[in-house]
Every structure is written in C-alpha cells, then in structure tokens.
Amino acid sequence: MKIALAQLNYHIGNFQDNKEKIIRHIGKAREAGAELVVFSELSVTGYYPHDLLERKEFIEHSQKTIEEIARHCTGIAALVGGPSINRSPKGKMLYNSAFFLKDGKIASVHHKTLLPTYDVFDEYRHFEPNHDFELIELNGKKLAVTICEDLWYNQPVLSAFGREKLYAVSPMKEYAKQNPDLVINLSASPFSYNQEKLRKDILLNNARDFNIPIVYVNQVGAQTEIIFDGGSLFIDANGDVVSEMAYFEEDFRIIDTENTNSKDALREYEPIEKIHDALVLGIRDYFGKMGFKQATLGLSGGIDSAVTVVLAVLALGPENVRVLLMPSKYSSEHSITDARDLAENLGIQYEIVNIHEMVDAFDHSLAPLFEGRNPDVTEENIQARIRGTLMMAISNKFGHILLNTSNKSEAAVGYGTLYGDMNGGLSVLGDVYKSDVFAMARFMNREREVIPENTIIKPPSAELRPDQKDSDSLPDYDILDKILFNYIELAKSPKEIIEMGFEEDTVHMAVRKVNMNEYKRFQTPPILRISSKAFGFGRKMPLVAKYPY
Ligand SMILES: Nc1ncnc2c1ncn2[C@@H]1O[C@H](COP(=O)(O)OP(=O)(O)OC[C@H]2O[C@@H]([n+]3cccc(C(=O)O)c3)[C@H](O)[C@@H]2O)[C@@H](O)[C@H]1O
Ligand SMILES: Nc1ncnc2c1ncn2[C@@H]1O[C@H](COP(=O)(O)OP(=O)(O)OP(=O)(O)O)[C@@H](O)[C@H]1O
Ligand SMILES: NC(=O)CC[C@H](N)C(=O)O
C-alpha cells in the first residue's frame, strides 16, 4: 500500500490555515498515487488547544472543518486528527480522535485510548478514553489506528510511589488480536533531548514485539513553549527504520508498505545540535504564529545573551533583531567590546546606553531612606532593573518583543533579579543548563568565530559589583548542573544525590535554593522546553510549602 506521511506545522485554532494545508497535502498525495495520507494528532486544531476544548464553538468549528476536508477526500483516503463528540445515553463525551475520510465522507472515527496526564500533558482534563478497538479495512489491508500515547502503554508513569505505575490497557494488544497488516500512529510528541532515544525505542519495540510495521506521523513546530520535532517514521515488522523524516521542519513522504528494502540514510546530529535547532524553531514559531517580527535584548558581552542573540538572528533574521549595550561603572571594558564585536559579526542594529547616571540618580533618591545601611544586593538589583526598564521601553516604543536570557541553572537557583534581567516575553534558554549554553556557543562557532572567544572563556559574572563572579555565590556550573539535573529531571532526593558523591553542603544549598525560588519562576515568561522536565506548566510545584529536602 502506498501511504503519504504528512508531517506539518499547525497553528492552534487557525482552522482556515490548517484546513488549507491539509487539503493541499491530500491533493499532493493523490497526485503521487498514494492510497492513504496520514496527518498528525489533533491536526485540525493543532496540539494542544487546552481549554479551548471546553468551548462549544471551538468543537463545532473543528467538526465543520473536518467535514469540509472530507469532501476533498475522493480517489484517496485520509486520517486526520481532531476532537470528536460522541452522544451516548450518559451524555456528550469528547474524544481525541482520528477521522478516517473516504469517498468524500467521514467513514469512521477512532479514539485515543491512553490519555497522558503527566508533565506537559493534560488530556484527561478534556477527553474520555476509548474502549473500542475496530480496525479499518482499506484496499484489502487491515489497519489499526492508534494515537500517540497509545503506543506508550508499557512505559512506567511517574506515580506517588515512584516510577512504577503502568497503564491497565494495552491498545496494541487489543489490536494485535485481530491481526492487522499495519499500525498507524498519529502523534504529537514533543522534543526533549532526554526522551528522544526512549521514544524511538518504544516505537521500534512495538513493531518488533507485535511483528507489525508502523507508520508514525508526528507534528512539527512550536506551540508556545512546547517544541514538536517531527522525525516521522516508517518502521518494518522487524523493528527497523525504513524511512525517517526531517527534524524541526515540515516534510512529506510517500512510502510503500510492500517495499521495506531501501532504507533511508539517517542524518547524524551532534548532541547539542537538536537543542539548537529546537530553540530556533521555538523562537520562529512563537513570533510567526503571534504575528510578531522583531526581537530585542540586552547584550552584556556574557555568554547567555550572546547565545540568545545568535538564536534570535537565525530565527528572525539580522534585520529583525536590535540590541542595547548598557554598561555601568562595574562593566569591564571587554564586556563592551565583546558585545559590540558580536553585534557587528551578526550585522544587527545596536546602541550603547550608559546606565551610570541612572544608577546614581536612584542611589541619590534612596540615600535618605537607606541611611545607616550598607550597600547590598538592593543596589545590585537596581542596575538590573534599570536595564529591564530600558529594554521594556524599546519594546513599547518599537514593538520588539524582549527575549529573556536567563539559563536553567540560574532559573533553578533564583540567580536573577525579578523585574530586572528576569523580564521578557519569551525565555529562550530557561531550559538549558549553563554547561549546555557553553556547548551551544562552541557549536555556533564551529565554522567561524561568531561569538568572541573571550565571551566563552571568561568566568561568568553578573557584573553588578566590583570583580563579581558567579562562583562567589554558586558552585561551579559543572557541579551545580549535575546536582540540578538529578534533582529536577530525575527527581532524586538530596540523600541519593549525596550518595552519588556530591558534597553534602553543596547539595543542600542547591536544593534549598531551587525550592525557595518557586515564587520567582512563577513570574517568569514562558520557557522554550527542550528537556523532559522544564520549568513551566509541566512542573507544578506549590509556592507556599514546607519543602522536605
Ligand atoms: N516567597 C516569596 N514570594 C513572593 N515574593 C518573594 C518571596 N520571597 C522573596 N520575595 C520577594 O523577592 C525579592 C527578592 O528577589 P529579587 O528582588 O529578585 O532579589 P534577590 O533574589 O535577593 O537578588 C537577586 C540575585 O540574583 C543575582 N543576579 C541578579 C541579576 C543578574 C544575575 C545574573 O548573573 O544573571 C544574577 C544577584 O547577584 C542576586 O544574588 C524580595 O525582596 C521580596 O520582595
Ligand atoms: N552591560 C549590559 N548591557 C546590556 N545588557 C546587560 C548588561 N548586563 C546585563 N545585561 C542583561 O542582563 C542579563 C543578565 O546578565 P548578567 O550579566 O547579569 O548575567 P548572565 O546571566 O551571566 O548573562 P550574560 O552571560 O548574558 O552576561 C544579560 O543576559 C543581558 O541581557
Ligand atoms: N500526545 C501524546 O500522547 C504525547 C505523549 C507521549 N508520551 C510523548 O511524549 O510522545
């Protein structure tokens, strides 16, 4: 059977554009002689529409759109993802479904069985689970239609008692009893660097365990902070990849289920490269889908703002990025030259605004109130807040969106000033540990020195007081990041982390800072997610709590 895999980037709630894109690809698939074209999970609405799914008009609009798409499905069949309402004696139930379109009509509707409700997923909030496992018959072949998590049934889910809980039902086992020729999976599986391998293994193992080929079509593109990487697959019954589609871009491919001999040459990625590409796509789609074109940020000569500005230029073009260099009396001469060199290398607009006098004016006005008190973090923060105010002035005046430059290590331990350098509309590096920010800077310089070498090799500093270094307040980043990764991503206890060989005081200090600073992260902009445990709505922690750490 010839099947077209349509790996596309959807705009949530933009039924018009999504519909046109789907119809265009149905036509393309038909012209190429495909018998079936498969789109990704909730393709009509975009994944994930959250509480838009609670609105009657939204569901009706989706239903009408699918009916219209169905009318274009002649001479070819299609599987399109969307919400479906089932009217039963118990009332109206909403399902996350795959619509099988054929002969100009909706021929059947197949629902998702396993509804993920962990990390960034919240599907039980809106959908009911499926209990029917009916195959589709098409041109003499029997097809089992599954939706994303349906193939993840044997993955332990984080539960109150550890990572033990397993789903009670296995959709694959239910379908396998009926001997399908092929499993189709409509997916919306986001990128995360520590889940990538797991995802592929799950898919390959399913094919191998049940001895059935799998057609897997993933969504691509960023939806606010969640970045979908695509990488759709055709896997043969031995669990070998026959076709692997592009990452971080739309792709369209026709496969022949009878021909599994010619395997695709798979492209090798450097470890940091996918994170890099994910963030570029994240910025581009946040701006593109919101109708923004231009970004701004403060360029300090340090590595975080350097990496952020390079990503912004790749996503939006140099003509759409404008930066401010805002030296104070504590800024070193090389910070200004490093920042200027970078701006010139990138060909972006930059201006220098010295904040020295503004800082003095604040200090002067506050002097009578602060009489008898020594300068402390208050004065340091005033500098960061003056910069934050200037950046927001540029944003207001010219319509540039401010990119936040805080990395995950800083966000974790609260090393940043509220309403200062924590300002911004979108956080680019908030899920990237400082050690990976260095790796990314090196990757960006792989062909030529875009980021001045000095920016990469100098010790990180906030430059808010004389000779300040991050290492005065924090452990070295290579140690801190490992502790944070074990605590945040792997949910290990401080005791377990100490047993791994980390110094006791350092572990307690890091963990205490993470817990104490929930309130700060609650006020940060959305963070582009590249890990399986990013700060944001996939990590829900109480602000007010007595943390056992
Ligand atoms: N639980 C809670 N719920 C709600 N609000 C709470 C709170 N606890 C404190 N607060 C509020 O938060 C304030 C403290 O937060 P904040 O004003 O931000 O200040 P704070 O966290 O005390 O200081 C900022 C720290 O970040 C460092 N920094 C600043 C700028 C850039 C960089 C860098 O290298 O990137 C590092 C700086 O050196 C300093 O160590 C308190 O004064 C209080 O108003
Ligand atoms: N002199 C400056 N000129 C322009 N922007 C600045 C300046 N200093 C700080 N900023 C802004 O505030 C952010 C926080 O900077 P800071 O230097 O305090 O620490 P950082 O987290 O090490 O960041 P970076 O590595 O970019 O310096 C910077 O990324 C930058 O956007
Ligand atoms: N849409 C989904 O069902 C996604 C959940 C799945 N575990 C994934 O990350 O791919």
# chains A, B, ... in the order shown; residues from 1 in each chain; ligands from 1
>>> residues_around(residues="A:Phe228", least_positions_apart="4", cutoff="9 Å", atoms="only C-alpha atoms", output="short mmCIF file (atom, residue, chain, number, x, y, z; two decimals) with C-alpha atoms, in the first residue's frame")
data_model
loop_
_atom_site.label_atom_id
_atom_site.label_comp_id
_atom_site.auth_asym_id
_atom_site.auth_seq_id
_atom_site.Cartn_x
_atom_site.Cartn_y
_atom_site.Cartn_z
CA ASN A 9 3.24 22.59 11.40
CA ALA A 188 2.08 14.94 18.78
CA SER A 189 5.24 14.06 20.62
CA PRO A 190 7.37 17.00 21.70
CA PHE A 191 11.13 17.17 21.51
CA SER A 192 13.14 16.61 24.64
CA ASN A 218 4.43 13.33 14.26
CA GLN A 219 3.55 17.01 14.45
CA VAL A 220 6.32 19.54 13.84
CA GLY A 221 6.58 23.16 15.04
CA ALA A 222 6.39 25.00 18.33
CA GLN A 223 3.16 25.64 20.23
CA TYR A 247 13.55 17.10 12.19
CA PHE A 248 12.30 20.60 13.06
CA ALA A 278 14.65 23.26 18.56
#
>>> residues_near_ligand(ligand="ligand 2", cutoff="6 Å", atoms="only C-alpha atoms and all ligand atoms", output="short mmCIF file (atom, residue, chain, number, x, y, z; two decimals) with C-alpha atoms, in the first residue's frame")
data_model
loop_
_atom_site.label_atom_id
_atom_site.label_comp_id
_atom_site.auth_asym_id
_atom_site.auth_seq_id
_atom_site.Cartn_x
_atom_site.Cartn_y
_atom_site.Cartn_z
CA LEU A 297 17.54 42.02 24.22
CA GLY A 298 20.34 43.40 26.34
CA LEU A 299 23.77 42.34 25.09
CA SER A 300 26.21 42.19 28.01
CA GLY A 301 29.32 40.62 26.50
CA GLY A 302 28.44 37.48 28.51
CA ILE A 303 27.61 34.09 27.12
CA ASP A 304 23.86 33.88 27.83
CA SER A 305 22.90 36.99 25.90
CA LEU A 324 21.16 47.54 23.70
CA LEU A 325 24.58 47.57 25.34
CA MET A 326 24.09 49.09 28.80
CA PRO A 327 27.38 49.41 30.62
CA THR A 405 18.32 35.41 28.53
CA SER A 406 18.28 33.51 31.87
CA ASP A 421 17.02 40.64 33.92
CA PRO A 460 30.67 34.07 34.20
CA SER A 461 29.85 37.29 36.04
CA ALA A 462 26.73 39.39 36.64
CA GLU A 463 28.99 42.50 36.84
#
>>> residues_near_ligand(ligand="ligand 1", cutoff="8 Å", atoms="only C-alpha atoms and all ligand atoms", output="VMD selection string")
chain A and resid 377 to 378 380 to 381 384 406 410 414 to 422 460 to 464 470 473 516 to 520 543 to 544
>>> write_last_selection(atoms="N, CA and C atoms", output="PDB file, in the first residue's frame")
ATOM      1  N   VAL A 377      22.614  43.668  48.008  1.00  0.00           N
ATOM      2  CA  VAL A 377      22.007  43.180  46.773  1.00  0.00           C
ATOM      3  C   VAL A 377      20.960  44.171  46.235  1.00  0.00           C
ATOM      4  N   THR A 378      20.426  45.010  47.121  1.00  0.00           N
ATOM      5  CA  THR A 378      19.438  46.017  46.698  1.00  0.00           C
ATOM      6  C   THR A 378      20.003  46.878  45.569  1.00  0.00           C
ATOM      7  N   GLU A 380      22.617  46.206  43.724  1.00  0.00           N
ATOM      8  CA  GLU A 380      22.920  45.373  42.543  1.00  0.00           C
ATOM      9  C   GLU A 380      21.659  45.232  41.681  1.00  0.00           C
ATOM     10  N   ASN A 381      20.549  44.963  42.354  1.00  0.00           N
ATOM     11  CA  ASN A 381      19.305  44.725  41.622  1.00  0.00           C
ATOM     12  C   ASN A 381      18.798  45.974  40.914  1.00  0.00           C
ATOM     13  N   ALA A 384      20.129  45.955  37.486  1.00  0.00           N
ATOM     14  CA  ALA A 384      19.429  45.007  36.607  1.00  0.00           C
ATOM     15  C   ALA A 384      18.037  45.542  36.257  1.00  0.00           C
ATOM     16  N   SER A 406      17.892  34.363  30.728  1.00  0.00           N
ATOM     17  CA  SER A 406      18.285  33.513  31.871  1.00  0.00           C
ATOM     18  C   SER A 406      18.394  32.054  31.463  1.00  0.00           C
ATOM     19  N   GLU A 410      20.475  29.257  36.411  1.00  0.00           N
ATOM     20  CA  GLU A 410      20.112  30.475  37.151  1.00  0.00           C
ATOM     21  C   GLU A 410      18.652  30.457  37.561  1.00  0.00           C
ATOM     22  N   GLY A 414      17.370  30.760  41.389  1.00  0.00           N
ATOM     23  CA  GLY A 414      16.901  32.129  41.636  1.00  0.00           C
ATOM     24  C   GLY A 414      17.989  33.171  41.494  1.00  0.00           C
ATOM     25  N   TYR A 415      18.986  32.881  40.650  1.00  0.00           N
ATOM     26  CA  TYR A 415      20.089  33.817  40.446  1.00  0.00           C
ATOM     27  C   TYR A 415      19.722  34.767  39.319  1.00  0.00           C
ATOM     28  N   GLY A 416      18.872  35.720  39.640  1.00  0.00           N
ATOM     29  CA  GLY A 416      18.409  36.702  38.661  1.00  0.00           C
ATOM     30  C   GLY A 416      17.486  37.656  39.385  1.00  0.00           C
ATOM     31  N   THR A 417      17.312  38.843  38.828  1.00  0.00           N
ATOM     32  CA  THR A 417      16.544  39.883  39.507  1.00  0.00           C
ATOM     33  C   THR A 417      15.138  39.965  38.933  1.00  0.00           C
ATOM     34  N   LEU A 418      14.165  39.801  39.825  1.00  0.00           N
ATOM     35  CA  LEU A 418      12.769  39.977  39.423  1.00  0.00           C
ATOM     36  C   LEU A 418      12.581  41.379  38.864  1.00  0.00           C
ATOM     37  N   TYR A 419      11.829  41.497  37.793  1.00  0.00           N
ATOM     38  CA  TYR A 419      11.539  42.789  37.135  1.00  0.00           C
ATOM     39  C   TYR A 419      12.824  43.468  36.662  1.00  0.00           C
ATOM     40  N   GLY A 420      13.877  42.692  36.504  1.00  0.00           N
ATOM     41  CA  GLY A 420      15.148  43.208  36.001  1.00  0.00           C
ATOM     42  C   GLY A 420      15.548  42.331  34.827  1.00  0.00           C
ATOM     43  N   ASP A 421      16.617  41.512  35.019  1.00  0.00           N
ATOM     44  CA  ASP A 421      17.016  40.636  33.919  1.00  0.00           C
ATOM     45  C   ASP A 421      16.054  39.453  33.776  1.00  0.00           C
ATOM     46  N   MET A 422      15.060  39.331  34.696  1.00  0.00           N
ATOM     47  CA  MET A 422      14.056  38.276  34.502  1.00  0.00           C
ATOM     48  C   MET A 422      12.891  38.745  33.636  1.00  0.00           C
ATOM     49  N   PRO A 460      31.965  33.390  34.189  1.00  0.00           N
ATOM     50  CA  PRO A 460      30.672  34.074  34.196  1.00  0.00           C
ATOM     51  C   PRO A 460      30.557  35.064  35.346  1.00  0.00           C
ATOM     52  N   SER A 461      30.004  36.251  35.029  1.00  0.00           N
ATOM     53  CA  SER A 461      29.850  37.294  36.043  1.00  0.00           C
ATOM     54  C   SER A 461      28.616  38.125  35.749  1.00  0.00           C
ATOM     55  N   ALA A 462      27.888  38.507  36.822  1.00  0.00           N
ATOM     56  CA  ALA A 462      26.731  39.387  36.643  1.00  0.00           C
ATOM     57  C   ALA A 462      27.175  40.845  36.520  1.00  0.00           C
ATOM     58  N   GLU A 463      28.424  41.137  36.886  1.00  0.00           N
ATOM     59  CA  GLU A 463      28.990  42.500  36.838  1.00  0.00           C
ATOM     60  C   GLU A 463      28.067  43.519  37.491  1.00  0.00           C
ATOM     61  N   LEU A 464      27.594  43.183  38.686  1.00  0.00           N
ATOM     62  CA  LEU A 464      26.717  44.106  39.411  1.00  0.00           C
ATOM     63  C   LEU A 464      27.437  44.745  40.608  1.00  0.00           C
ATOM     64  N   ASP A 470      30.103  34.698  39.255  1.00  0.00           N
ATOM     65  CA  ASP A 470      29.001  33.812  39.656  1.00  0.00           C
ATOM     66  C   ASP A 470      29.485  32.837  40.718  1.00  0.00           C
ATOM     67  N   SER A 473      28.856  33.166  44.536  1.00  0.00           N
ATOM     68  CA  SER A 473      27.575  32.810  45.160  1.00  0.00           C
ATOM     69  C   SER A 473      27.138  31.381  44.852  1.00  0.00           C
ATOM     70  N   MET A 516      13.224  27.381  47.362  1.00  0.00           N
ATOM     71  CA  MET A 516      12.931  28.747  47.815  1.00  0.00           C
ATOM     72  C   MET A 516      12.527  29.662  46.669  1.00  0.00           C
ATOM     73  N   ASN A 517      12.899  29.296  45.457  1.00  0.00           N
ATOM     74  CA  ASN A 517      12.709  30.218  44.340  1.00  0.00           C
ATOM     75  C   ASN A 517      11.566  29.857  43.408  1.00  0.00           C
ATOM     76  N   GLU A 518      10.663  28.998  43.871  1.00  0.00           N
ATOM     77  CA  GLU A 518       9.462  28.713  43.065  1.00  0.00           C
ATOM     78  C   GLU A 518       8.735  30.030  42.737  1.00  0.00           C
ATOM     79  N   TYR A 519       8.679  30.927  43.712  1.00  0.00           N
ATOM     80  CA  TYR A 519       7.929  32.182  43.504  1.00  0.00           C
ATOM     81  C   TYR A 519       8.515  32.993  42.351  1.00  0.00           C
ATOM     82  N   LYS A 520       9.816  32.913  42.188  1.00  0.00           N
ATOM     83  CA  LYS A 520      10.429  33.688  41.097  1.00  0.00           C
ATOM     84  C   LYS A 520      10.047  33.098  39.749  1.00  0.00           C
ATOM     85  N   LEU A 543       3.948  27.083  45.695  1.00  0.00           N
ATOM     86  CA  LEU A 543       4.850  28.173  46.099  1.00  0.00           C
ATOM     87  C   LEU A 543       4.953  28.192  47.616  1.00  0.00           C
ATOM     88  N   VAL A 544       3.803  28.032  48.242  1.00  0.00           N
ATOM     89  CA  VAL A 544       3.764  28.084  49.701  1.00  0.00           C
ATOM     90  C   VAL A 544       3.765  26.643  50.207  1.00  0.00           C
TER      91      VAL A 544
END
>>> closest_residue(among="A:Ile12, A:Val169, A:Val37, A:Ala315", to="A:Phe58", atoms="only C-alpha atoms")
A:Ile12
>>> select_by_dssp(residues="stretch 423-534 of chain A", states="strand (DSSP E or B)", output="ChimeraX atom specification")
/A:426-427,527,529
>>> closest_atom_pairs(of="chain A", to="ligand 3", cutoff="9 Å", atoms="only C-alpha atoms and all ligand atoms", output="JSON lines")
{"residue": "A:Glu41", "atom": "CA", "partner": "ligand 3", "partner_atom_place_in_ligand_line": "1 (N)", "distance": 7.1}
{"residue": "A:Leu42", "atom": "CA", "partner": "ligand 3", "partner_atom_place_in_ligand_line": "1 (N)", "distance": 9.0}
{"residue": "A:Tyr47", "atom": "CA", "partner": "ligand 3", "partner_atom_place_in_ligand_line": "1 (N)", "distance": 7.7}
{"residue": "A:Tyr48", "atom": "CA", "partner": "ligand 3", "partner_atom_place_in_ligand_line": "1 (N)", "distance": 8.3}
{"residue": "A:Lys112", "atom": "CA", "partner": "ligand 3", "partner_atom_place_in_ligand_line": "3 (O)", "distance": 8.6}
{"residue": "A:Leu114", "atom": "CA", "partner": "ligand 3", "partner_atom_place_in_ligand_line": "3 (O)", "distance": 7.5}
{"residue": "A:Leu115", "atom": "CA", "partner": "ligand 3", "partner_atom_place_in_ligand_line": "3 (O)", "distance": 6.4}
{"residue": "A:Pro116", "atom": "CA", "partner": "ligand 3", "partner_atom_place_in_ligand_line": "3 (O)", "distance": 5.6}
{"residue": "A:Thr117", "atom": "CA", "partner": "ligand 3", "partner_atom_place_in_ligand_line": "5 (C)", "distance": 8.7}
{"residue": "A:Tyr118", "atom": "CA", "partner": "ligand 3", "partner_atom_place_in_ligand_line": "5 (C)", "distance": 8.7}
{"residue": "A:Val120", "atom": "CA", "partner": "ligand 3", "partner_atom_place_in_ligand_line": "5 (C)", "distance": 8.8}
{"residue": "A:Phe121", "atom": "CA", "partner": "ligand 3", "partner_atom_place_in_ligand_line": "5 (C)", "distance": 6.9}
{"residue": "A:Glu123", "atom": "CA", "partner": "ligand 3", "partner_atom_place_in_ligand_line": "3 (O)", "distance": 8.2}
{"residue": "A:Ile147", "atom": "CA", "partner": "ligand 3", "partner_atom_place_in_ligand_line": "3 (O)", "distance": 6.8}
{"residue": "A:Cys148", "atom": "CA", "partner": "ligand 3", "partner_atom_place_in_ligand_line": "3 (O)", "distance": 4.3}
{"residue": "A:Glu149", "atom": "CA", "partner": "ligand 3", "partner_atom_place_in_ligand_line": "3 (O)", "distance": 3.8}
{"residue": "A:Asp150", "atom": "CA", "partner": "ligand 3", "partner_atom_place_in_ligand_line": "3 (O)", "distance": 7.2}
{"residue": "A:Leu151", "atom": "CA", "partner": "ligand 3", "partner_atom_place_in_ligand_line": "7 (N)", "distance": 8.4}
{"residue": "A:Trp152", "atom": "CA", "partner": "ligand 3", "partner_atom_place_in_ligand_line": "7 (N)", "distance": 6.1}
{"residue": "A:Gln155", "atom": "CA", "partner": "ligand 3", "partner_atom_place_in_ligand_line": "7 (N)", "distance": 8.5}
{"residue": "A:Leu186", "atom": "CA", "partner": "ligand 3", "partner_atom_place_in_ligand_line": "1 (N)", "distance": 8.8}
{"residue": "A:Ser187", "atom": "CA", "partner": "ligand 3", "partner_atom_place_in_ligand_line": "1 (N)", "distance": 5.8}
{"residue": "A:Ala188", "atom": "CA", "partner": "ligand 3", "partner_atom_place_in_ligand_line": "1 (N)", "distance": 4.4}
{"residue": "A:Ser189", "atom": "CA", "partner": "ligand 3", "partner_atom_place_in_ligand_line": "10 (O)", "distance": 3.5}
{"residue": "A:Pro190", "atom": "CA", "partner": "ligand 3", "partner_atom_place_in_ligand_line": "9 (O)", "distance": 5.7}
{"residue": "A:Phe191", "atom": "CA", "partner": "ligand 3", "partner_atom_place_in_ligand_line": "9 (O)", "distance": 7.8}
{"residue": "A:Ser192", "atom": "CA", "partner": "ligand 3", "partner_atom_place_in_ligand_line": "9 (O)", "distance": 8.5}
{"residue": "A:Gln195", "atom": "CA", "partner": "ligand 3", "partner_atom_place_in_ligand_line": "9 (O)", "distance": 7.8}
{"residue": "A:Arg199", "atom": "CA", "partner": "ligand 3", "partner_atom_place_in_ligand_line": "10 (O)", "distance": 6.7}
{"residue": "A:Asn218", "atom": "CA", "partner": "ligand 3", "partner_atom_place_in_ligand_line": "10 (O)", "distance": 8.9}
{"residue": "A:Ser532", "atom": "CA", "partner": "ligand 3", "partner_atom_place_in_ligand_line": "9 (O)", "distance": 8.7}
>>> residues_around(residues="stretch 100-106 of chain A", least_positions_apart="4", cutoff="9 Å", atoms="only C-alpha atoms", output="PDB file with C-alpha atoms, in the first residue's frame")
ATOM      1  CA  ILE A  66     -13.242  18.036   9.186  1.00  0.00           C
ATOM      2  CA  GLU A  67     -16.479  17.628   7.200  1.00  0.00           C
ATOM      3  CA  GLU A  68     -15.152  20.106   4.652  1.00  0.00           C
ATOM      4  CA  ILE A  69     -11.813  18.305   4.433  1.00  0.00           C
ATOM      5  CA  ALA A  70     -13.693  15.022   3.948  1.00  0.00           C
ATOM      6  CA  ARG A  71     -15.389  16.436   0.831  1.00  0.00           C
ATOM      7  CA  HIS A  72     -11.918  16.768  -0.739  1.00  0.00           C
ATOM      8  CA  CYS A  73     -11.110  13.146   0.003  1.00  0.00           C
ATOM      9  CA  THR A  74     -12.064  11.424  -3.220  1.00  0.00           C
ATOM     10  CA  GLY A  75      -9.819   8.953  -5.009  1.00  0.00           C
ATOM     11  CA  ILE A  76      -7.752   8.721  -1.821  1.00  0.00           C
ATOM     12  CA  ALA A  77      -8.387   8.092   1.883  1.00  0.00           C
ATOM     13  CA  ALA A  78      -7.047  10.205   4.766  1.00  0.00           C
ATOM     14  CA  LEU A  79      -6.549  10.020   8.516  1.00  0.00           C
ATOM     15  CA  VAL A  80      -6.919  13.420  10.151  1.00  0.00           C
ATOM     16  CA  HIS A 110     -11.169   6.085  16.045  1.00  0.00           C
ATOM     17  CA  ILE A 136     -10.085  -0.097   9.251  1.00  0.00           C
TER      18      ILE A 136
END
>>> atom_distance(atom1="atom CA of A:Lys142", atom2="atom CA of A:Lys19")
27.4 Å
>>> closest_residue(among="A:Val241, A:Ile214, A:Ala32, A:Met440", to="A:Ile456", atoms="only C-alpha atoms")
A:Met440
>>> residues_around(residues="A:Ala6", least_positions_apart="2", cutoff="8 Å", atoms="only C-alpha atoms", output="list in words")
Ala4, Leu8, His25, Val37, Val38, Phe39, Ser40, Val217, Asp251, Phe252 and Arg253 of chain A
>>> residues_around(residues="stretch 447-451 of chain A", least_positions_apart="5", cutoff="10 Å", atoms="only C-alpha atoms", output="short mmCIF file (atom, residue, chain, number, x, y, z; two decimals) with C-alpha atoms, in the first residue's frame")
data_model
loop_
_atom_site.label_atom_id
_atom_site.label_comp_id
_atom_site.auth_asym_id
_atom_site.auth_seq_id
_atom_site.Cartn_x
_atom_site.Cartn_y
_atom_site.Cartn_z
CA GLY A 301 29.32 40.62 26.50
CA GLY A 302 28.44 37.48 28.51
CA ILE A 303 27.61 34.09 27.12
CA ALA A 306 25.42 36.04 23.18
CA VAL A 307 23.86 32.62 22.58
CA VAL A 309 21.05 36.73 20.18
CA VAL A 310 22.59 34.21 17.75
CA ASP A 338 32.84 41.66 23.14
CA ALA A 339 29.18 42.73 22.84
CA ASP A 341 32.07 42.63 18.13
CA LEU A 342 29.23 40.12 18.32
CA ALA A 343 26.62 42.65 17.15
CA GLU A 344 28.89 43.58 14.23
CA ASN A 345 29.58 39.95 13.35
CA LEU A 346 25.83 39.37 13.19
CA ALA A 441 28.31 28.65 21.94
CA ARG A 442 31.07 26.29 20.75
CA ILE A 456 33.20 31.88 26.00
#
>>> select_by_dssp(residues="stretch 9-136 of chain A", states="alpha helix (DSSP H)", output="ChimeraX atom specification")
/A:15-31,56-71
>>> write_last_selection(atoms="C-alpha atoms", output="mmCIF file, in the first residue's frame")
data_model
loop_
_atom_site.group_PDB
_atom_site.id
_atom_site.type_symbol
_atom_site.label_atom_id
_atom_site.label_comp_id
_atom_site.auth_asym_id
_atom_site.auth_seq_id
_atom_site.Cartn_x
_atom_site.Cartn_y
_atom_site.Cartn_z
ATOM 1 C CA PHE A 15 -8.907 26.303 11.294
ATOM 2 C CA GLN A 16 -8.674 28.138 7.984
ATOM 3 C CA ASP A 17 -4.905 27.772 7.564
ATOM 4 C CA ASN A 18 -4.788 24.256 8.997
ATOM 5 C CA LYS A 19 -7.608 23.160 6.680
ATOM 6 C CA GLU A 20 -5.977 24.644 3.577
ATOM 7 C CA LYS A 21 -2.691 22.964 4.445
ATOM 8 C CA ILE A 22 -4.365 19.572 4.964
ATOM 9 C CA ILE A 23 -6.410 19.814 1.760
ATOM 10 C CA ARG A 24 -3.290 20.839 -0.213
ATOM 11 C CA HIS A 25 -1.457 17.765 1.039
ATOM 12 C CA ILE A 26 -4.387 15.467 0.289
ATOM 13 C CA GLY A 27 -4.130 16.694 -3.309
ATOM 14 C CA LYS A 28 -0.364 16.207 -3.357
ATOM 15 C CA ALA A 29 -0.707 12.658 -2.023
ATOM 16 C CA ARG A 30 -3.400 11.776 -4.567
ATOM 17 C CA GLU A 31 -1.272 13.087 -7.437
ATOM 18 C CA LYS A 56 -18.695 24.737 22.162
ATOM 19 C CA GLU A 57 -17.861 26.984 19.170
ATOM 20 C CA PHE A 58 -14.343 25.586 19.008
ATOM 21 C CA ILE A 59 -15.544 21.982 18.833
ATOM 22 C CA GLU A 60 -18.246 22.867 16.275
ATOM 23 C CA HIS A 61 -15.735 24.741 14.141
ATOM 24 C CA SER A 62 -13.406 21.762 14.266
ATOM 25 C CA GLN A 63 -16.200 19.356 13.286
ATOM 26 C CA LYS A 64 -17.261 21.542 10.328
ATOM 27 C CA THR A 65 -13.651 21.807 9.183
ATOM 28 C CA ILE A 66 -13.242 18.036 9.186
ATOM 29 C CA GLU A 67 -16.479 17.628 7.200
ATOM 30 C CA GLU A 68 -15.152 20.106 4.652
ATOM 31 C CA ILE A 69 -11.813 18.305 4.433
ATOM 32 C CA ALA A 70 -13.693 15.022 3.948
ATOM 33 C CA ARG A 71 -15.389 16.436 0.831
#
>>> closest_residue(among="A:Leu5, A:Ala411, A:Met290, A:Leu94", to="A:Glu54", atoms="only C-alpha atoms")
A:Leu94
>>> residues_around(residues="A:Ile401", least_positions_apart="2", cutoff="8 Å", atoms="only C-alpha atoms", output="PyMOL selection string")
chain A and resi 292+294-296+395+399+403+424-425
>>> residues_around(residues="A:Arg539", least_positions_apart="5", cutoff="8 Å", atoms="only C-alpha atoms", output="list in words")
Asp119, Val120, Lys533 and Ala534 of chain A
>>> write_last_selection(atoms="C-alpha atoms", output="compact mmCIF listing (two decimals), in the first residue's frame")
# COMPACT_ATOMS: atom_id res chain seq x y z
CA ASP A 119 4.43 16.55 32.66
CA VAL A 120 3.04 18.93 29.99
CA LYS A 533 11.28 18.47 33.00
CA ALA A 534 11.24 22.13 32.10
>>> closest_residue(among="A:Tyr167, A:Phe502, A:Phe485, A:Phe398", to="A:Tyr433", atoms="only C-alpha atoms")
A:Phe485
>>> closest_residue(among="A:Asp236, A:Leu316, A:Thr146, A:Tyr216", to="A:Ile348", atoms="only C-alpha atoms")
A:Leu316
